[in-house]
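This is query-v1.cif (mmCIF, C-alpha atoms (C1' of nucleotides)).
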```cif
data_upload
loop_
_atom_site.label_atom_id
_atom_site.label_comp_id
_atom_site.auth_asym_id
_atom_site.auth_seq_id
_atom_site.Cartn_x
_atom_site.Cartn_y
_atom_site.Cartn_z
CA MET A 15 22.36 0.31 42.37
CA GLN A 16 21.80 -1.15 38.96
CA ALA A 17 19.95 -4.28 39.89
CA ASN A 18 18.22 -5.59 36.84
CA LYS A 19 16.08 -8.55 37.69
CA LEU A 20 13.50 -7.49 35.16
CA ASP A 21 14.44 -4.41 33.24
CA LEU A 22 11.28 -2.45 33.95
CA ARG A 23 12.54 1.01 33.29
CA LEU A 24 9.18 2.44 32.37
CA THR A 25 8.74 6.09 31.61
CA LYS A 26 5.88 8.03 33.11
CA GLY A 27 4.07 7.93 29.80
CA ALA A 28 4.54 4.19 29.46
CA LYS A 29 3.10 3.64 32.91
CA LYS A 30 -0.02 5.58 32.02
CA VAL A 31 -0.40 3.72 28.77
CA LEU A 32 -0.02 0.43 30.58
CA GLU A 33 -2.63 1.46 33.08
CA ALA A 34 -5.09 2.51 30.40
CA MET A 35 -4.58 -0.77 28.57
CA GLY A 36 -5.43 -2.65 31.73
CA GLY A 37 -9.01 -1.54 31.36
CA ILE A 38 -9.39 -2.67 27.76
CA ARG A 39 -10.16 -6.24 26.77
CA THR A 40 -10.03 -5.80 23.00
CA LEU A 41 -7.39 -4.72 20.56
CA ALA A 42 -6.82 -0.98 20.58
CA THR A 43 -5.01 1.39 18.26
CA ALA A 44 -2.54 3.96 19.50
CA GLN A 45 -5.17 6.58 18.91
CA ASP A 46 -7.79 4.65 20.86
CA ILE A 47 -5.47 4.54 23.80
CA HIS A 48 -4.60 8.16 23.42
CA SER A 49 -8.19 9.34 23.41
CA LEU A 50 -8.98 7.07 26.33
CA LEU A 51 -6.22 8.75 28.28
CA ARG A 52 -7.49 12.14 27.18
CA THR A 53 -10.96 11.29 28.45
CA ASP A 54 -9.62 10.13 31.76
CA GLY A 55 -8.26 13.61 32.03
CA ASP A 56 -5.35 14.03 34.36
CA GLU A 57 -2.29 15.11 32.42
CA ALA A 58 -2.66 12.71 29.56
CA PRO A 59 0.48 12.08 27.51
CA GLY A 60 0.50 13.25 23.92
CA LEU A 61 0.01 10.96 20.97
CA THR A 62 3.72 10.90 20.19
CA THR A 63 4.46 9.68 23.67
CA VAL A 64 1.80 7.01 23.39
CA TYR A 65 3.48 5.70 20.26
CA ARG A 66 6.85 5.71 21.94
CA ALA A 67 5.46 4.05 25.04
CA LEU A 68 3.86 1.32 22.98
CA ASP A 69 7.14 0.64 21.22
CA ALA A 70 8.88 0.30 24.54
CA LEU A 71 6.18 -1.93 25.99
CA VAL A 72 6.29 -4.19 22.98
CA SER A 73 10.04 -4.62 23.19
CA GLN A 74 9.69 -5.31 26.88
CA GLY A 75 7.24 -8.07 26.10
CA LEU A 76 4.35 -6.60 28.04
CA VAL A 77 2.27 -5.71 25.03
CA GLN A 78 1.76 -7.37 21.71
CA ALA A 79 1.14 -5.58 18.44
CA VAL A 80 -1.09 -7.02 15.76
CA GLU A 81 -1.54 -5.83 12.22
CA LEU A 82 -4.76 -6.92 10.62
CA GLY A 83 -4.36 -5.56 7.14
CA ASP A 84 -6.15 -2.26 7.43
CA GLY A 85 -2.98 -0.29 7.96
CA GLU A 86 -3.47 0.32 11.64
CA LYS A 87 -1.53 -1.43 14.34
CA ARG A 88 -3.50 -2.69 17.27
CA TYR A 89 -2.11 -3.33 20.71
CA GLU A 90 -3.01 -5.51 23.62
CA LEU A 91 -1.68 -6.32 27.03
CA ILE A 92 -0.15 -9.77 27.39
CA LYS A 93 1.45 -11.80 30.09
CA PRO A 94 5.18 -11.10 29.76
CA GLY A 95 6.65 -13.22 26.99
CA GLU A 96 3.40 -14.82 25.98
CA HIS A 97 1.29 -14.18 22.96
CA HIS A 98 -2.07 -15.18 21.67
CA HIS A 99 -4.28 -15.05 18.63
CA HIS A 100 -7.75 -13.79 17.86
CA LEU A 101 -11.03 -14.68 16.30
CA ILE A 102 -12.11 -11.49 14.59
CA CYS A 103 -15.70 -11.13 13.55
CA SER A 104 -16.01 -9.44 10.18
CA SER A 105 -19.55 -8.45 10.96
CA CYS A 106 -19.40 -6.81 14.38
CA LYS A 107 -15.63 -6.22 14.36
CA ASP A 108 -15.36 -7.65 17.83
CA SER A 109 -12.39 -9.81 18.64
CA VAL A 110 -12.13 -12.71 21.01
CA HIS A 111 -8.72 -13.73 22.05
CA LEU A 112 -7.88 -17.38 22.24
CA ASP A 113 -6.62 -18.61 25.54
CA GLN A 114 -3.92 -20.72 24.03
CA CYS A 115 -1.79 -20.73 20.95
CA LEU A 116 -3.27 -23.15 18.45
CA ILE A 117 -0.09 -23.85 16.57
CA LYS A 118 2.49 -24.33 19.28
CA ASP A 119 3.69 -27.67 17.93
CA LEU A 120 4.18 -26.43 14.40
CA ASP A 121 7.66 -25.15 15.17
CA THR A 122 9.36 -28.51 15.32
CA LEU A 123 7.55 -29.74 12.24
CA ILE A 124 8.75 -26.72 10.30
CA LYS A 125 12.26 -27.08 11.67
CA SER A 126 12.57 -30.64 10.50
CA LYS A 127 10.83 -30.14 7.18
CA TYR A 128 12.40 -26.86 6.10
CA GLY A 129 15.36 -26.33 8.42
CA PHE A 130 13.71 -23.09 9.36
CA GLN A 131 14.07 -21.93 12.96
CA VAL A 132 10.80 -20.31 13.99
CA SER A 133 11.05 -17.33 16.27
CA SER A 134 7.56 -15.90 16.06
CA HIS A 135 4.38 -16.09 14.10
CA LEU A 136 1.33 -14.13 13.19
CA LEU A 137 -2.03 -15.84 13.22
CA GLU A 138 -5.38 -14.14 13.05
CA ILE A 139 -8.64 -15.79 12.16
CA PHE A 140 -11.48 -13.97 10.48
CA GLY A 141 -15.09 -15.01 10.21
CA THR A 142 -18.48 -14.59 11.83
CA CYS A 143 -19.00 -14.86 15.53
CA LYS A 144 -21.79 -16.86 17.12
CA LYS A 145 -23.92 -13.85 17.91
CA CYS A 146 -23.71 -12.48 14.40
CA SER A 147 -24.48 -15.74 12.64
CA GLU A 148 -27.55 -16.20 14.86
CA LYS A 149 -28.70 -12.74 13.89
CA LYS A 150 -28.42 -13.63 10.22
CA THR A 151 -30.37 -16.86 10.31
CA ARG A 152 -33.15 -15.32 12.34
CA MET B 14 -24.14 -24.84 -11.81
CA GLN B 15 -21.60 -23.43 -14.14
CA ALA B 16 -18.31 -23.61 -12.36
CA ASN B 17 -15.49 -22.64 -14.63
CA LYS B 18 -16.65 -19.61 -16.51
CA LEU B 19 -14.69 -17.21 -14.42
CA ASP B 20 -15.52 -13.61 -14.72
CA LEU B 21 -12.22 -12.36 -16.06
CA ARG B 22 -13.05 -8.81 -16.90
CA LEU B 23 -9.51 -7.56 -16.57
CA THR B 24 -8.45 -4.10 -17.54
CA LYS B 25 -5.37 -3.57 -19.64
CA GLY B 26 -3.43 -2.45 -16.56
CA ALA B 27 -4.52 -5.49 -14.59
CA LYS B 28 -3.35 -7.79 -17.36
CA LYS B 29 0.09 -6.21 -17.31
CA VAL B 30 0.28 -6.45 -13.56
CA LEU B 31 -0.74 -10.08 -13.71
CA GLU B 32 1.92 -10.75 -16.30
CA ALA B 33 4.62 -9.05 -14.29
CA MET B 34 3.65 -11.01 -11.21
CA GLY B 35 4.01 -14.22 -13.12
CA GLY B 36 7.76 -13.70 -13.17
CA ILE B 37 8.09 -13.13 -9.44
CA ARG B 38 8.33 -15.92 -6.94
CA THR B 39 8.44 -13.83 -3.75
CA LEU B 40 6.10 -11.33 -2.17
CA ALA B 41 6.17 -7.98 -3.90
CA THR B 42 4.88 -4.55 -2.98
CA ALA B 43 2.82 -2.43 -5.33
CA GLN B 44 5.89 -0.31 -5.88
CA ASP B 45 8.05 -3.34 -6.65
CA ILE B 46 5.62 -4.37 -9.32
CA HIS B 47 5.39 -0.87 -10.64
CA SER B 48 9.14 -0.44 -11.02
CA LEU B 49 9.42 -3.88 -12.56
CA LEU B 50 6.90 -2.83 -15.17
CA ARG B 51 8.77 0.42 -15.66
CA THR B 52 11.99 -1.47 -16.27
CA ASP B 53 10.31 -3.74 -18.76
CA GLY B 54 9.58 -0.59 -20.63
CA ASP B 55 6.69 -0.78 -23.01
CA GLU B 56 3.91 1.55 -21.87
CA ALA B 57 4.01 0.69 -18.22
CA PRO B 58 0.90 1.59 -16.26
CA GLY B 59 1.21 4.25 -13.59
CA LEU B 60 1.43 3.47 -9.91
CA THR B 61 -2.20 4.42 -9.34
CA THR B 62 -3.28 1.89 -11.90
CA VAL B 63 -1.09 -0.77 -10.34
CA TYR B 64 -2.84 -0.22 -7.02
CA ARG B 65 -6.23 -0.40 -8.67
CA ALA B 66 -5.28 -3.49 -10.61
CA LEU B 67 -4.06 -5.23 -7.49
CA ASP B 68 -7.33 -4.47 -5.73
CA ALA B 69 -9.24 -5.95 -8.61
CA LEU B 70 -7.04 -9.02 -8.80
CA VAL B 71 -7.39 -9.64 -5.09
CA SER B 72 -11.17 -9.47 -5.22
CA GLN B 73 -11.09 -11.80 -8.19
CA GLY B 74 -9.12 -14.30 -6.15
CA LEU B 75 -6.09 -14.37 -8.45
CA VAL B 76 -3.77 -12.59 -6.07
CA GLN B 77 -3.41 -12.65 -2.34
CA ALA B 78 -2.36 -9.69 -0.22
CA VAL B 79 -0.27 -10.14 2.90
CA GLU B 80 0.51 -7.57 5.54
CA LEU B 81 3.59 -8.34 7.57
CA GLY B 82 3.57 -5.54 10.07
CA ASP B 83 5.86 -3.08 8.36
CA GLY B 84 3.03 -1.05 6.91
CA GLU B 85 3.45 -2.26 3.37
CA LYS B 86 1.13 -4.66 1.65
CA ARG B 87 2.74 -7.42 -0.32
CA TYR B 88 1.11 -9.29 -3.14
CA GLU B 89 1.50 -12.67 -4.70
CA LEU B 90 -0.08 -14.69 -7.43
CA ILE B 91 -2.17 -17.62 -6.26
CA LYS B 92 -4.21 -20.35 -7.80
CA PRO B 93 -7.73 -18.97 -7.94
CA GLY B 94 -9.42 -19.34 -4.58
CA GLU B 95 -6.44 -20.83 -2.85
CA HIS B 96 -4.12 -19.26 -0.36
CA HIS B 97 -0.91 -20.12 1.37
CA HIS B 98 1.43 -19.00 4.10
CA HIS B 99 5.08 -18.11 4.36
CA LEU B 100 8.23 -18.73 6.27
CA ILE B 101 9.85 -15.31 6.39
CA CYS B 102 13.51 -15.09 7.28
CA SER B 103 14.22 -12.15 9.54
CA SER B 104 17.84 -12.21 8.50
CA CYS B 105 17.80 -12.28 4.71
CA LYS B 106 14.16 -11.17 4.34
CA ASP B 107 13.55 -13.92 1.89
CA SER B 108 10.25 -15.71 2.04
CA VAL B 109 9.45 -19.28 1.22
CA HIS B 110 5.87 -20.10 0.63
CA LEU B 111 4.44 -23.24 2.08
CA ASP B 112 2.87 -25.61 -0.34
CA GLN B 113 -0.07 -26.36 1.84
CA CYS B 114 -2.02 -24.65 4.53
CA LEU B 115 -0.86 -25.90 7.88
CA ILE B 116 -4.02 -25.15 9.76
CA LYS B 117 -6.76 -26.40 7.49
CA ASP B 118 -8.39 -28.51 10.14
CA LEU B 119 -8.57 -25.77 12.71
CA ASP B 120 -11.83 -24.43 11.31
CA THR B 121 -14.02 -27.20 12.61
CA LEU B 122 -12.34 -27.14 15.98
CA ILE B 123 -12.98 -23.44 16.30
CA LYS B 124 -16.54 -23.82 15.10
CA SER B 125 -17.37 -26.38 17.72
CA LYS B 126 -15.48 -24.73 20.54
CA TYR B 127 -16.46 -21.10 19.96
CA GLY B 128 -19.38 -21.20 17.55
CA PHE B 129 -17.25 -19.04 15.29
CA GLN B 130 -17.55 -19.61 11.55
CA VAL B 131 -14.12 -19.17 10.03
CA SER B 132 -13.97 -17.53 6.63
CA SER B 133 -10.30 -16.75 6.32
CA HIS B 134 -7.09 -16.50 8.26
CA LEU B 135 -3.75 -14.85 8.33
CA LEU B 136 -0.70 -16.90 9.20
CA GLU B 137 2.88 -15.86 8.70
CA ILE B 138 5.85 -17.45 10.36
CA PHE B 139 9.02 -15.53 11.16
CA GLY B 140 12.43 -16.89 12.00
CA THR B 141 15.76 -17.79 10.48
CA CYS B 142 16.08 -19.79 7.31
CA LYS B 143 18.43 -22.72 6.90
CA LYS B 144 21.00 -20.79 4.91
CA CYS B 145 21.17 -17.96 7.41
CA SER B 146 21.47 -20.14 10.47
CA GLU B 147 24.29 -22.04 8.83
CA LYS B 148 26.02 -18.77 8.17
CA LYS B 149 25.75 -17.81 11.82
CA THR B 150 27.15 -21.02 13.27
CA ARG B 151 30.04 -21.03 10.84
"C1'" DA C 1 -20.20 6.49 -35.87
"C1'" DT C 2 -21.86 8.50 -31.53
"C1'" DA C 3 -23.13 8.66 -27.15
"C1'" DA C 4 -22.64 6.32 -22.73
"C1'" DT C 5 -19.41 4.03 -19.75
"C1'" DA C 6 -15.17 2.64 -17.88
"C1'" DT C 7 -10.04 3.26 -17.39
"C1'" DT C 8 -6.12 5.89 -16.85
"C1'" DG C 9 -2.52 8.90 -14.62
"C1'" DA C 10 -0.68 13.14 -12.53
"C1'" DA C 11 -1.19 15.65 -8.82
"C1'" DA C 12 -3.36 16.47 -4.48
"C1'" DA C 13 -5.30 14.56 -0.35
"C1'" DT C 14 -5.31 11.26 3.48
"C1'" DC C 15 -3.77 9.30 7.45
"C1'" DA C 16 -1.02 6.45 10.55
"C1'" DT C 17 3.34 6.75 12.13
"C1'" DT C 18 8.04 8.88 12.72
"C1'" DT C 19 11.24 12.49 13.17
"C1'" DT C 20 12.83 16.93 14.70
"C1'" DC C 21 13.93 20.02 17.93
"C1'" DA C 22 13.36 22.82 21.77
"C1'" DT C 23 11.90 22.44 26.50
"C1'" DA C 24 11.17 19.96 30.75
"C1'" DT C 25 12.28 16.24 33.76
"C1'" DT C 26 15.07 12.71 35.89
"C1'" DC C 27 19.41 10.73 37.26
"C1'" DA C 28 24.27 9.99 38.68
"C1'" DC C 29 27.31 11.34 41.79
"C1'" DA C 30 30.38 14.61 44.01
"C1'" DT D 15 21.68 19.06 47.75
"C1'" DG D 16 23.30 21.10 43.54
"C1'" DT D 17 24.94 20.56 38.93
"C1'" DG D 18 25.46 18.94 34.60
"C1'" DA D 19 24.51 15.02 31.56
"C1'" DA D 20 21.16 11.99 29.86
"C1'" DT D 21 16.51 11.01 28.95
"C1'" DA D 22 11.53 12.00 28.19
"C1'" DT D 23 8.12 14.88 26.34
"C1'" DG D 24 5.06 17.22 22.91
"C1'" DA D 25 3.92 20.26 19.06
"C1'" DA D 26 4.68 20.70 14.64
"C1'" DA D 27 6.75 19.10 10.47
"C1'" DA D 28 8.13 15.19 7.71
"C1'" DT D 29 7.43 10.68 5.80
"C1'" DG D 30 5.56 7.31 2.98
"C1'" DA D 31 2.14 4.11 1.48
"C1'" DT D 32 -2.22 4.31 -0.26
"C1'" DT D 33 -6.53 6.82 -2.02
"C1'" DT D 34 -9.04 10.26 -4.16
"C1'" DT D 35 -9.92 13.76 -7.63
"C1'" DC D 36 -10.62 15.11 -12.01
"C1'" DA D 37 -9.80 15.81 -16.68
"C1'" DA D 38 -8.33 13.31 -20.66
"C1'" DT D 39 -8.55 8.66 -23.17
"C1'" DA D 40 -10.02 4.52 -24.47
"C1'" DT D 41 -13.67 0.98 -24.76
"C1'" DT D 42 -18.40 -0.61 -25.44
"C1'" DA D 43 -23.05 -0.83 -26.70
"C1'" DT D 44 -26.49 1.00 -29.64
#
```
Could you express the structure from this file as structure tokens?
Amino acid sequence: MQANKLDLRLTKGAKKVLEAMGGIRTLATAQDIHSLLRTDGDEAPGLTTVYRALDALVSQGLVQAVELGDGEKRYELIKPGEHHHHLICSSCKDSVHLDQCLIKDLDTLIKSKYGFQVSSHLLEIFGTCKKCSEKKTR
Amino acid sequence: MQANKLDLRLTKGAKKVLEAMGGIRTLATAQDIHSLLRTDGDEAPGLTTVYRALDALVSQGLVQAVELGDGEKRYELIKPGEHHHHLICSSCKDSVHLDQCLIKDLDTLIKSKYGFQVSSHLLEIFGTCKKCSEKKTR
DNA sequence: ATAATATTGAAAATCATTTTCATATTCACA
DNA sequence: TGTGAATATGAAAATGATTTTCAATATTAT
């Protein structure tokens, strides 16, 4: 039977990657995820498989990829089809993800002003988090 | 305070790069700029120098670097200290730059809501440009 | 000038990611 | 349940953008 309600044809590797990502709250590189799996021991998939799994998960909408400008892609679990943005602290490198997209309504404005049909966007915000700015002024 | 005496200690290579970028209206990679200079002939700087020049120009605030997720940095001339964002057509790969930052006022909102001091942000918008969507519906 | 300093470029190194290819696993279906 | 086709895997090699090295040049201050 080929019932495809939600096409979740996940490979073994992808399932493990998904599982590992469940335990991470911040953005992680492919290599982060790989070494996490390695630490957890049991038959960890190789790095190549992790990359392939991440690709698959991204196109299935379960994971989002973010590129911050340092030449390394970072990945994060999302609710299927959703996305979100981050506040990234330049000092402690920690990232907080925002619970809602801050520029949802921009799409229609852009459509009417430029005739440009928005399909996705990339928004990341850099600065200093509360903790770090308190440290500085102390 | 002396405001306008900008520290323009540009190397010969950087000057050439700057010049070449003046003639480009879209985002260009280091290699684009390099081959443009090569085409223009006269004693073009090597690729290494182009990279170094771009670094310098970025830290001097004359050029902005954008990373779109394909692992290649793209560069663009800006008015010193300013920045802007792009509408990038997934179909024809052309990019239009927006004349003003669409999320200027977000900073204060984020500051009050998260205690996070914004210093910079990354915003790129992907979709289909007017020309390309007309082509499709034709 | 002359010595000290900074810039250049070719080639080598780096490093994340992708590809290759041979082997192992899963799947369709008779 | 077996059998062959299709898919998944991983180690090693390839890729490709960027960086580093290092020796040769050019620039600058003295």
Exercise. Using the chain letters and numbers from the file, give me the residues hit by the PyMOL selection byres ((chain C) within 9 of (chain B)), as a list in words.
Key: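 Applying the PyMOL selection byres ((chain C) within 9 of (chain B)) to the structure shown produces DT7, DT8 and DG9 of chain C.
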Exercise. Identify all residues satisfying the PyMOL selection byres ((chain D) within 12 of (chain A)) in the given file; provide them as a PyMOL selection string.
Key: chain D and resi 21-26+31-32
Practice problem: Taking the file above as input, evaluate the PyMOL selection byres ((chain A) within 6 of (chain B)) and report the hits as a ChimeraX atom specification. | Solution: /A:81,83,129-144
Post-fit chain A coords, all in-order Cα pairs vs chain B, as a JSON list (two decimals) with C-alpha atoms, keeping the file's coordinate frame:
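Dumped to superposed_32.json:
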```
[["chain", "number", "residue", "atom", "x", "y", "z"],
["A", 15, "MET", "CA", -23.34, -13.59, -24.64],
["A", 16, "GLN", "CA", -22.87, -13.31, -20.93],
["A", 17, "ALA", "CA", -21.48, -16.71, -20.19],
["A", 18, "ASN", "CA", -19.84, -16.62, -16.83],
["A", 19, "LYS", "CA", -18.14, -19.88, -16.09],
["A", 20, "LEU", "CA", -15.36, -18.09, -14.28],
["A", 21, "ASP", "CA", -15.83, -14.37, -14.09],
["A", 22, "LEU", "CA", -12.46, -13.42, -15.53],
["A", 23, "ARG", "CA", -13.24, -9.93, -16.65],
["A", 24, "LEU", "CA", -9.69, -8.68, -16.40],
["A", 25, "THR", "CA", -8.75, -5.21, -17.46],
["A", 26, "LYS", "CA", -5.71, -4.61, -19.60],
["A", 27, "GLY", "CA", -3.83, -3.35, -16.58],
["A", 28, "ALA", "CA", -4.78, -6.38, -14.51],
["A", 29, "LYS", "CA", -3.53, -8.69, -17.23],
["A", 30, "LYS", "CA", -0.15, -6.98, -17.26],
["A", 31, "VAL", "CA", 0.08, -7.10, -13.50],
["A", 32, "LEU", "CA", -0.79, -10.77, -13.54],
["A", 33, "GLU", "CA", 1.86, -11.41, -16.13],
["A", 34, "ALA", "CA", 4.52, -9.54, -14.19],
["A", 35, "MET", "CA", 3.64, -11.45, -11.04],
["A", 36, "GLY", "CA", 4.14, -14.70, -12.89],
["A", 37, "GLY", "CA", 7.84, -14.03, -12.97],
["A", 38, "ILE", "CA", 8.18, -13.34, -9.25],
["A", 39, "ARG", "CA", 8.50, -16.07, -6.65],
["A", 40, "THR", "CA", 8.55, -13.88, -3.55],
["A", 41, "LEU", "CA", 6.15, -11.43, -2.02],
["A", 42, "ALA", "CA", 6.07, -8.12, -3.84],
["A", 43, "THR", "CA", 4.66, -4.71, -3.00],
["A", 44, "ALA", "CA", 2.52, -2.75, -5.40],
["A", 45, "GLN", "CA", 5.48, -0.53, -6.03],
["A", 46, "ASP", "CA", 7.77, -3.48, -6.73],
["A", 47, "ILE", "CA", 5.36, -4.68, -9.35],
["A", 48, "HIS", "CA", 4.99, -1.24, -10.77],
["A", 49, "SER", "CA", 8.70, -0.67, -11.19],
["A", 50, "LEU", "CA", 9.09, -4.14, -12.65],
["A", 51, "LEU", "CA", 6.52, -3.25, -15.26],
["A", 52, "ARG", "CA", 8.26, 0.06, -15.87],
["A", 53, "THR", "CA", 11.55, -1.74, -16.45],
["A", 54, "ASP", "CA", 9.96, -4.15, -18.85],
["A", 55, "GLY", "CA", 9.06, -1.08, -20.80],
["A", 56, "ASP", "CA", 6.16, -1.45, -23.15],
["A", 57, "GLU", "CA", 3.33, 0.82, -22.07],
["A", 58, "ALA", "CA", 3.47, 0.05, -18.40],
["A", 59, "PRO", "CA", 0.34, 0.88, -16.41],
["A", 60, "GLY", "CA", 0.59, 3.61, -13.82],
["A", 61, "LEU", "CA", 0.86, 2.97, -10.12],
["A", 62, "THR", "CA", -2.80, 3.77, -9.54],
["A", 63, "THR", "CA", -3.80, 1.14, -12.04],
["A", 64, "VAL", "CA", -1.50, -1.39, -10.42],
["A", 65, "TYR", "CA", -3.25, -0.82, -7.11],
["A", 66, "ARG", "CA", -6.63, -1.17, -8.71],
["A", 67, "ALA", "CA", -5.57, -4.27, -10.60],
["A", 68, "LEU", "CA", -4.28, -5.87, -7.43],
["A", 69, "ASP", "CA", -7.57, -5.20, -5.67],
["A", 70, "ALA", "CA", -9.44, -6.85, -8.49],
["A", 71, "LEU", "CA", -7.10, -9.83, -8.61],
["A", 72, "VAL", "CA", -7.41, -10.35, -4.89],
["A", 73, "SER", "CA", -11.19, -10.33, -5.00],
["A", 74, "GLN", "CA", -11.05, -12.74, -7.90],
["A", 75, "GLY", "CA", -8.96, -15.08, -5.82],
["A", 76, "LEU", "CA", -5.96, -15.11, -8.12],
["A", 77, "VAL", "CA", -3.69, -13.17, -5.82],
["A", 78, "GLN", "CA", -3.30, -13.09, -2.10],
["A", 79, "ALA", "CA", -2.35, -10.06, -0.05],
["A", 80, "VAL", "CA", -0.25, -10.32, 3.07],
["A", 81, "GLU", "CA", 0.46, -7.66, 5.63],
["A", 82, "LEU", "CA", 3.56, -8.26, 7.67],
["A", 83, "GLY", "CA", 3.45, -5.37, 10.06],
["A", 84, "ASP", "CA", 5.65, -2.87, 8.30],
["A", 85, "GLY", "CA", 2.75, -1.00, 6.78],
["A", 86, "GLU", "CA", 3.20, -2.29, 3.27],
["A", 87, "LYS", "CA", 0.97, -4.84, 1.67],
["A", 88, "ARG", "CA", 2.66, -7.59, -0.24],
["A", 89, "TYR", "CA", 1.10, -9.61, -3.00],
["A", 90, "GLU", "CA", 1.61, -13.01, -4.49],
["A", 91, "LEU", "CA", 0.08, -15.17, -7.15],
["A", 92, "ILE", "CA", -1.90, -18.14, -5.87],
["A", 93, "LYS", "CA", -3.83, -20.98, -7.34],
["A", 94, "PRO", "CA", -7.43, -19.73, -7.51],
["A", 95, "GLY", "CA", -9.08, -20.06, -4.12],
["A", 96, "GLU", "CA", -6.03, -21.39, -2.36],
["A", 97, "HIS", "CA", -3.77, -19.67, 0.07],
["A", 98, "HIS", "CA", -0.53, -20.36, 1.80],
["A", 99, "HIS", "CA", 1.77, -19.09, 4.48],
["A", 100, "HIS", "CA", 5.40, -18.08, 4.69],
["A", 101, "LEU", "CA", 8.58, -18.53, 6.60],
["A", 102, "ILE", "CA", 10.12, -15.08, 6.62],
["A", 103, "CYS", "CA", 13.76, -14.74, 7.49],
["A", 104, "SER", "CA", 14.39, -11.71, 9.66],
["A", 105, "SER", "CA", 18.00, -11.68, 8.63],
["A", 106, "CYS", "CA", 17.97, -11.86, 4.83],
["A", 107, "LYS", "CA", 14.31, -10.85, 4.44],
["A", 108, "ASP", "CA", 13.75, -13.71, 2.06],
["A", 109, "SER", "CA", 10.49, -15.59, 2.27],
["A", 110, "VAL", "CA", 9.78, -19.21, 1.56],
["A", 111, "HIS", "CA", 6.24, -20.15, 1.01],
["A", 112, "LEU", "CA", 4.92, -23.30, 2.55],
["A", 113, "ASP", "CA", 3.41, -25.78, 0.19],
["A", 114, "GLN", "CA", 0.50, -26.54, 2.43],
["A", 115, "CYS", "CA", -1.51, -24.81, 5.06],
["A", 116, "LEU", "CA", -0.29, -25.91, 8.47],
["A", 117, "ILE", "CA", -3.47, -25.21, 10.34],
["A", 118, "LYS", "CA", -6.17, -26.59, 8.09],
["A", 119, "ASP", "CA", -7.76, -28.69, 10.83],
["A", 120, "LEU", "CA", -7.98, -25.87, 13.32],
["A", 121, "ASP", "CA", -11.28, -24.67, 11.91],
["A", 122, "THR", "CA", -13.41, -27.44, 13.32],
["A", 123, "LEU", "CA", -11.68, -27.28, 16.67],
["A", 124, "ILE", "CA", -12.42, -23.57, 16.90],
["A", 125, "LYS", "CA", -15.98, -24.08, 15.74],
["A", 126, "SER", "CA", -16.72, -26.58, 18.45],
["A", 127, "LYS", "CA", -14.83, -24.78, 21.19],
["A", 128, "TYR", "CA", -15.92, -21.21, 20.52],
["A", 129, "GLY", "CA", -18.86, -21.47, 18.12],
["A", 130, "PHE", "CA", -16.82, -19.32, 15.81],
["A", 131, "GLN", "CA", -17.14, -19.98, 12.09],
["A", 132, "VAL", "CA", -13.72, -19.49, 10.53],
["A", 133, "SER", "CA", -13.65, -17.95, 7.09],
["A", 134, "SER", "CA", -9.99, -17.06, 6.72],
["A", 135, "HIS", "CA", -6.81, -16.71, 8.65],
["A", 136, "LEU", "CA", -3.50, -14.97, 8.62],
["A", 137, "LEU", "CA", -0.40, -16.90, 9.53],
["A", 138, "GLU", "CA", 3.15, -15.78, 8.99],
["A", 139, "ILE", "CA", 6.19, -17.21, 10.68],
["A", 140, "PHE", "CA", 9.30, -15.20, 11.39],
["A", 141, "GLY", "CA", 12.75, -16.44, 12.25],
["A", 142, "THR", "CA", 16.11, -17.29, 10.75],
["A", 143, "CYS", "CA", 16.48, -19.36, 7.65],
["A", 144, "LYS", "CA", 18.93, -22.22, 7.30],
["A", 145, "LYS", "CA", 21.41, -20.25, 5.25],
["A", 146, "CYS", "CA", 21.49, -17.36, 7.67],
["A", 147, "SER", "CA", 21.88, -19.46, 10.80],
["A", 148, "GLU", "CA", 24.79, -21.31, 9.18],
["A", 149, "LYS", "CA", 26.42, -17.99, 8.42],
["A", 150, "LYS", "CA", 26.14, -16.98, 12.06],
["A", 151, "THR", "CA", 27.64, -20.08, 13.59],
["A", 152, "ARG", "CA", 30.54, -20.07, 11.17]]
```
Practice problem: Provide the CA of Lys29 in chain A to CA of Asp108 in chain A distance in Å, to one decimal place. | Solution: 26.4 Å
Practice problem: Would you kindly return, as a list in words, each protein, DNA or RNA residue with an atom no farther than 10 Å from any atom of DT14 in chain C, considering all atoms listed in the file and excluding same-chain residues fewer than 2 positions away? | Solution: DA12 and DA16 of chain C; DT32, DT33 and DT34 of chain D
Practice problem: Calculate how many Å separate C1' of DA13 in chain C from CA of Gln44 in chain B, rounding to one decimal. | Solution: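 Going from C1' of DA13 in chain C over to CA of Gln44 in chain B, I get 19.4 Å.
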Practice problem: Select, from D:DT15, D:DT29, D:DT41, D:DT35, the residue with the minimum atom-to-atom distance to DA6 in chain C, counting only C-alpha atoms (C1' of nucleotides). | Solution: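 The closest residue to DA6 in chain C is D:DT41.
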Exercise. Please identify all polymer residues within 8 Å of Pro94 in chain A, counting all atoms listed in the file, omitting same-chain residues fewer than 4 positions from it, and present them as a list of chain:residue names.
Key: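 The contact residues come out as A:Gln74, A:Gly75, A:Leu76, A:Val77.
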Quiz item: Skipping near chain neighbours, those fewer than 3 positions away, what residues fall within 12 Å of DC27 in chain C using all atoms listed in the file, listed as a VMD selection string?
Solution: (chain A and resid 15) or (chain D and resid 17 to 21)
Quiz item: Which one of B:Ala27, B:Leu90, B:Leu50, B:Ile37 sits closest to Leu67 in chain B if you count all atoms listed in the file?
Solution: B:Ala27
Need the axis-aligned box for range 34-41 of chain D with 4 Å each side, so what are the centre and edges in Å to one decimal, as lines of an AutoDock Vina configuration file?
```
center_x = -11.0
center_y = 8.4
center_z = -14.5
size_x = 13.3
size_y = 22.8
size_z = 28.6
```
